[in-house]
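Q: Coordinates in query-v3.txt, compact mmCIF, C-alpha atoms, are listed below.
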```txt
# COMPACT_ATOMS: atom_id res chain seq x y z
CA MET A 1 -44.18 18.27 -21.56
CA ILE A 2 -41.31 19.63 -19.46
CA ARG A 3 -41.80 19.47 -15.73
CA ILE A 4 -39.94 21.76 -13.33
CA LEU A 5 -39.28 20.44 -9.85
CA PRO A 6 -39.33 22.76 -6.84
CA VAL A 7 -35.87 23.59 -5.43
CA PRO A 8 -36.30 21.56 -2.17
CA VAL A 9 -37.20 18.40 -4.11
CA LEU A 10 -34.32 18.92 -6.53
CA SER A 11 -31.79 19.44 -3.71
CA VAL A 12 -32.92 16.25 -1.97
CA LEU A 13 -32.48 14.30 -5.21
CA LEU A 14 -29.02 15.79 -5.81
CA ALA A 15 -27.90 15.17 -2.22
CA GLY A 16 -28.88 11.51 -2.56
CA CYS A 17 -26.77 11.17 -5.71
CA HIS A 18 -23.81 13.21 -4.46
CA ASN A 19 -22.95 10.91 -1.52
CA ALA A 20 -23.58 7.59 -3.27
CA THR A 21 -19.92 6.52 -2.87
CA ASP A 22 -19.31 8.13 0.55
CA VAL A 23 -19.24 5.13 2.83
CA SER A 24 -17.16 6.71 5.59
CA GLY A 25 -18.27 6.13 9.15
CA PHE A 26 -18.25 3.68 12.03
CA TYR A 27 -20.01 0.36 11.46
CA VAL A 28 -20.93 -2.26 14.07
CA LEU A 29 -20.83 -6.00 13.33
CA MET A 30 -24.38 -7.37 13.47
CA GLU A 31 -24.04 -10.80 11.83
CA VAL A 32 -21.42 -13.39 10.95
CA ASP A 33 -22.36 -15.84 8.21
CA SER A 34 -25.95 -14.48 8.28
CA LEU A 35 -26.43 -15.21 12.00
CA GLN A 36 -26.52 -12.59 14.77
CA VAL A 37 -23.46 -12.05 16.96
CA PRO A 38 -22.35 -13.40 19.34
CA ARG A 39 -21.90 -16.35 17.00
CA VAL A 40 -20.20 -19.74 17.42
CA VAL A 41 -17.94 -20.11 14.37
CA SER A 42 -16.19 -23.34 15.38
CA ALA A 43 -16.68 -26.03 18.01
CA THR A 44 -14.74 -29.06 19.18
CA VAL A 45 -15.25 -31.54 21.99
CA PHE A 46 -13.18 -29.25 24.20
CA CYS A 47 -13.78 -25.64 23.11
CA ASP A 48 -16.07 -23.25 21.26
CA GLU A 49 -14.73 -20.37 19.17
CA LEU A 50 -17.06 -17.38 19.09
CA VAL A 51 -17.19 -13.99 17.41
CA LEU A 52 -18.56 -11.60 20.02
CA THR A 53 -18.53 -8.23 18.30
CA GLY A 54 -16.72 -6.15 15.72
CA LEU A 55 -16.19 -2.63 14.49
CA LEU A 56 -15.36 -1.30 11.03
CA HIS A 57 -14.19 2.28 10.63
CA LEU A 58 -14.06 3.61 7.07
CA THR A 59 -12.52 7.09 6.80
CA ALA A 60 -13.11 9.81 4.22
CA ALA A 61 -9.37 9.45 3.35
CA SER A 62 -9.98 5.83 2.15
CA SER A 63 -8.32 4.11 5.09
CA PHE A 64 -9.97 1.53 7.31
CA GLU A 65 -9.62 -0.20 10.64
CA LEU A 66 -11.40 -3.48 11.30
CA SER A 67 -11.48 -5.10 14.73
CA VAL A 68 -13.12 -8.41 15.60
CA VAL A 69 -13.52 -9.57 19.20
CA GLN A 70 -13.45 -13.34 19.64
CA ALA A 71 -13.72 -15.71 22.58
CA GLN A 72 -12.35 -19.17 23.12
CA ASP A 73 -14.66 -20.91 25.59
CA CYS A 74 -13.10 -24.07 27.00
CA THR A 75 -15.12 -24.20 30.22
CA ARG A 76 -16.57 -27.64 29.48
CA ASN A 77 -12.98 -28.92 29.51
CA GLY A 78 -12.28 -27.26 32.86
CA ALA A 79 -10.40 -24.29 31.37
CA ALA A 80 -11.33 -20.62 31.19
CA VAL A 81 -12.87 -18.32 28.63
CA ASP A 82 -10.26 -16.20 26.86
CA THR A 83 -11.22 -13.16 24.82
CA PHE A 84 -9.02 -11.34 22.33
CA THR A 85 -9.30 -8.71 19.63
CA THR A 86 -7.85 -8.97 16.14
CA THR A 87 -7.31 -5.60 14.47
CA THR A 88 -6.29 -4.93 10.89
CA GLY A 89 -6.03 -1.73 8.93
CA GLY A 90 -5.14 -0.46 5.50
CA THR A 91 -6.83 1.24 2.59
CA PHE A 92 -10.10 0.67 0.80
CA SER A 93 -11.65 1.52 -2.53
CA VAL A 94 -15.28 1.82 -3.48
CA ASN A 95 -16.91 1.63 -6.89
CA ARG A 96 -20.64 2.31 -6.63
CA THR A 97 -21.76 -0.44 -4.23
CA GLN A 98 -18.62 -2.60 -4.55
CA LEU A 99 -16.13 -2.29 -1.69
CA ALA A 100 -12.56 -3.63 -1.53
CA LEU A 101 -10.42 -3.51 1.60
CA HIS A 102 -6.65 -3.89 1.27
CA PRO A 103 -5.14 -4.81 4.68
CA ALA A 104 -1.62 -3.35 4.92
CA GLY A 105 1.25 -5.78 4.49
CA THR A 106 -0.89 -8.86 3.82
CA GLY A 107 -1.48 -9.00 0.08
CA LEU A 108 -5.11 -9.81 0.89
CA GLN A 109 -8.14 -8.15 -0.60
CA LEU A 110 -11.41 -8.37 1.30
CA THR A 111 -14.41 -7.74 -0.91
CA GLY A 112 -17.92 -6.69 -0.12
CA THR A 113 -20.79 -4.37 -0.86
CA SER A 114 -22.16 -1.21 0.69
CA SER A 115 -25.72 -0.01 0.43
CA GLY A 116 -28.01 2.06 2.64
CA GLY A 117 -25.71 2.14 5.68
CA ILE A 118 -25.03 -1.61 5.55
CA VAL A 119 -21.69 -3.16 4.64
CA ASP A 120 -21.54 -6.85 3.77
CA LEU A 121 -17.90 -7.90 3.88
CA GLN A 122 -15.66 -10.94 3.59
CA LEU A 123 -13.85 -11.16 6.95
CA PRO A 124 -10.10 -11.74 7.21
CA PRO A 125 -8.99 -15.17 8.46
CA LEU A 126 -10.02 -15.52 12.11
CA PRO A 127 -7.42 -16.77 14.60
CA LEU A 128 -8.17 -20.19 16.13
CA VAL A 129 -10.88 -20.87 13.54
CA PRO A 130 -9.78 -23.65 11.20
CA GLY A 131 -10.07 -22.95 7.46
CA GLY A 132 -12.99 -21.50 5.63
CA SER A 133 -13.96 -17.92 5.09
CA HIS A 134 -16.57 -15.96 6.96
CA SER A 135 -18.70 -12.99 6.05
CA GLY A 136 -19.86 -10.14 8.23
CA ARG A 137 -22.73 -7.68 8.03
CA PHE A 138 -22.02 -4.28 9.52
CA LEU A 139 -24.56 -1.54 10.24
CA ILE A 140 -23.51 2.09 10.29
CA PHE A 141 -23.48 3.56 13.77
CA PRO A 142 -25.61 6.70 14.02
CA GLU A 143 -23.65 9.93 14.32
```
Using structure tokens, write down the structure that the file contains.

A:
Amino acid sequence: MIRILPVPVLSVLLAGCHNATDVSGFYVLMEVDSLQVPRVVSATVFCDELVLTGLLHLTAASSFELSVVQAQDCTRNGAAVDTFTTTTGGTFSVNRTQLALHPAGTGLQLTGTSSGGIVDLQLPPLPLVPGGSHSGRFLIFPE
């Protein structure tokens, strides 16, 4: 038996399929290493290194800008809290749910996934954080 769908239902189904690889938009960092931000990513006897926030902008022209705001809190050692932002940009490619960011001039590739307005992404090396890689979960910012 052949079933004919009404036009509104069919257009909703087609719209869902049409934008499956369109990941462009502004995304806000919600988690680092599966824990909510702000997040302590390194600690010593003297200082804590924190990720405070981040923003990922993916454009329709396949370019990106990623900024991560960190803090170095050395108040228990009598020093101050310093905050700084690390920004990187370049191009990205997407294949279904697989995402690859290519920061300009670095030779790095940051991999991740995108699904339902959420981007899970390997973060670039974080300044002042010794070794190891970190992951971030970004949520699309409503238009």

Q: Given all atoms listed in the file as the basis, pick out the residue of A:Pro38, A:Gly136, A:Pro142, A:Pro103 nearest to Gly89 of chain A.

A: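 Under the stated criterion, the closest residue is A:Pro103.
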
Q: May I have the residues within 10 Å of Ala61 of chain A as a ChimeraX atom specification, using all atoms listed in the file and disregarding those fewer than 4 positions away in the same chain?

A: /A:24,91-92

Q: Just checking: using all atoms listed in the file, which residue out of A:Thr97, A:Thr83, A:Ser67, A:His134 ends up closest to Leu110 of chain A?

A: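 When distances to Leu110 of chain A are compared using all atoms listed in the file, the smallest one comes from A:His134.
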
Q: Quick one, how far is atom CA of Asn95 of chain A from atom CA of Thr21 of chain A?

A: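 Atom-to-atom, atom CA of Asn95 of chain A and atom CA of Thr21 of chain A are spaced 7.0 Å apart.
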
Q: Within 6 Å of (-15.8, -18.3, 25.5) (coordinates as in the file), grab all the protein and nucleic acid residues, counting only C-alpha atoms, and write them out as a list in words.

A: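 The residues that fall inside the cut-off are Ala71, Gln72, Asp73 and Val81 of chain A.
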
Q: Between atom CA of Gly105 of chain A and atom CA of Ala60 of chain A, what is the distance in Å, rounded to a tenth?

A: 21.2 Å

Q: In Å to one decimal, how far is atom CA of Ser135 of chain A from atom CA of Leu66 of chain A?

A: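 Computing it gives 13.1 Å between the two atoms.
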
Q: Which is closer to Tyr27 of chain A than all the others in A:Gly131, A:Gly78, A:Leu56, A:Leu50, using all atoms listed in the file?

A: A:Leu56

Q: Could you pull the residues within 6 Å of Phe138 of chain A, counting all atoms listed in the file, minus those fewer than 5 positions along the same chain, as JSON, numbers by chain?

A: {"A": [27, 28, 29, 30, 118, 119]}

Q: Would you save the residues of that selection, restricted to C-alpha atoms, as a tab-separated table (two decimals), in the frame of the given file?

A:
```tsv
chain	number	residue	atom	x	y	z
A	27	TYR	CA	-20.01	0.36	11.46
A	28	VAL	CA	-20.93	-2.26	14.07
A	29	LEU	CA	-20.83	-6.00	13.33
A	30	MET	CA	-24.38	-7.37	13.47
A	118	ILE	CA	-25.03	-1.61	5.55
A	119	VAL	CA	-21.69	-3.16	4.64
```

Q: Given the choices A:Gly54, A:Gly25, A:Gly112, A:Gly107, which gets closest to Ile140 of chain A if the distance is worked out from only C-alpha atoms?

A: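 Once distances to Ile140 of chain A are computed over only C-alpha atoms, the minimum belongs to A:Gly25.
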
Q: Which residues come within 9 Å of Gln109 of chain A, counting all atoms listed in the file, excluding same-chain residues fewer than 5 positions away, as a ChimeraX atom specification?

A: /A:100-103,124

Q: For Val23 of chain A, which residue out of A:Cys47, A:Val40, A:Leu123, A:Leu139 is the nearest one, using all atoms listed in the file?

A: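 Of all the options, A:Leu139 lies closest to Val23 of chain A.
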
Q: Mind rebuilding segment 42-56 of chain A with N, CA and C atoms and writing that out as a short mmCIF file (atom, residue, chain, number, x, y, z; two decimals), keeping the file's coordinate frame?

A:
```
data_model
loop_
_atom_site.label_atom_id
_atom_site.label_comp_id
_atom_site.auth_asym_id
_atom_site.auth_seq_id
_atom_site.Cartn_x
_atom_site.Cartn_y
_atom_site.Cartn_z
N SER A 42 -16.87 -22.05 15.39
CA SER A 42 -16.19 -23.34 15.38
C SER A 42 -16.39 -23.99 16.75
N ALA A 43 -16.50 -25.30 16.74
CA ALA A 43 -16.68 -26.03 18.01
C ALA A 43 -15.97 -27.37 17.93
N THR A 44 -15.36 -27.74 19.05
CA THR A 44 -14.74 -29.06 19.18
C THR A 44 -15.30 -29.69 20.44
N VAL A 45 -14.84 -30.87 20.76
CA VAL A 45 -15.25 -31.54 21.99
C VAL A 45 -14.83 -30.73 23.21
N PHE A 46 -13.74 -29.96 23.06
CA PHE A 46 -13.18 -29.25 24.20
C PHE A 46 -13.53 -27.77 24.27
N CYS A 47 -13.64 -27.10 23.12
CA CYS A 47 -13.78 -25.64 23.11
C CYS A 47 -14.73 -25.16 22.01
N ASP A 48 -15.29 -23.98 22.26
CA ASP A 48 -16.07 -23.25 21.26
C ASP A 48 -15.30 -21.98 20.91
N GLU A 49 -15.31 -21.62 19.64
CA GLU A 49 -14.73 -20.37 19.17
C GLU A 49 -15.89 -19.48 18.77
N LEU A 50 -15.95 -18.29 19.34
CA LEU A 50 -17.06 -17.38 19.09
C LEU A 50 -16.57 -16.04 18.57
N VAL A 51 -17.38 -15.39 17.74
CA VAL A 51 -17.19 -13.99 17.41
C VAL A 51 -18.20 -13.24 18.27
N LEU A 52 -17.69 -12.33 19.10
CA LEU A 52 -18.56 -11.60 20.02
C LEU A 52 -19.07 -10.29 19.45
N THR A 53 -18.17 -9.53 18.84
CA THR A 53 -18.53 -8.23 18.30
C THR A 53 -17.45 -7.78 17.32
N GLY A 54 -17.71 -6.69 16.65
CA GLY A 54 -16.72 -6.15 15.72
C GLY A 54 -17.04 -4.71 15.38
N LEU A 55 -16.04 -4.02 14.87
CA LEU A 55 -16.19 -2.63 14.49
C LEU A 55 -15.40 -2.39 13.22
N LEU A 56 -16.00 -1.69 12.28
CA LEU A 56 -15.36 -1.30 11.03
C LEU A 56 -15.42 0.21 10.93
#
```
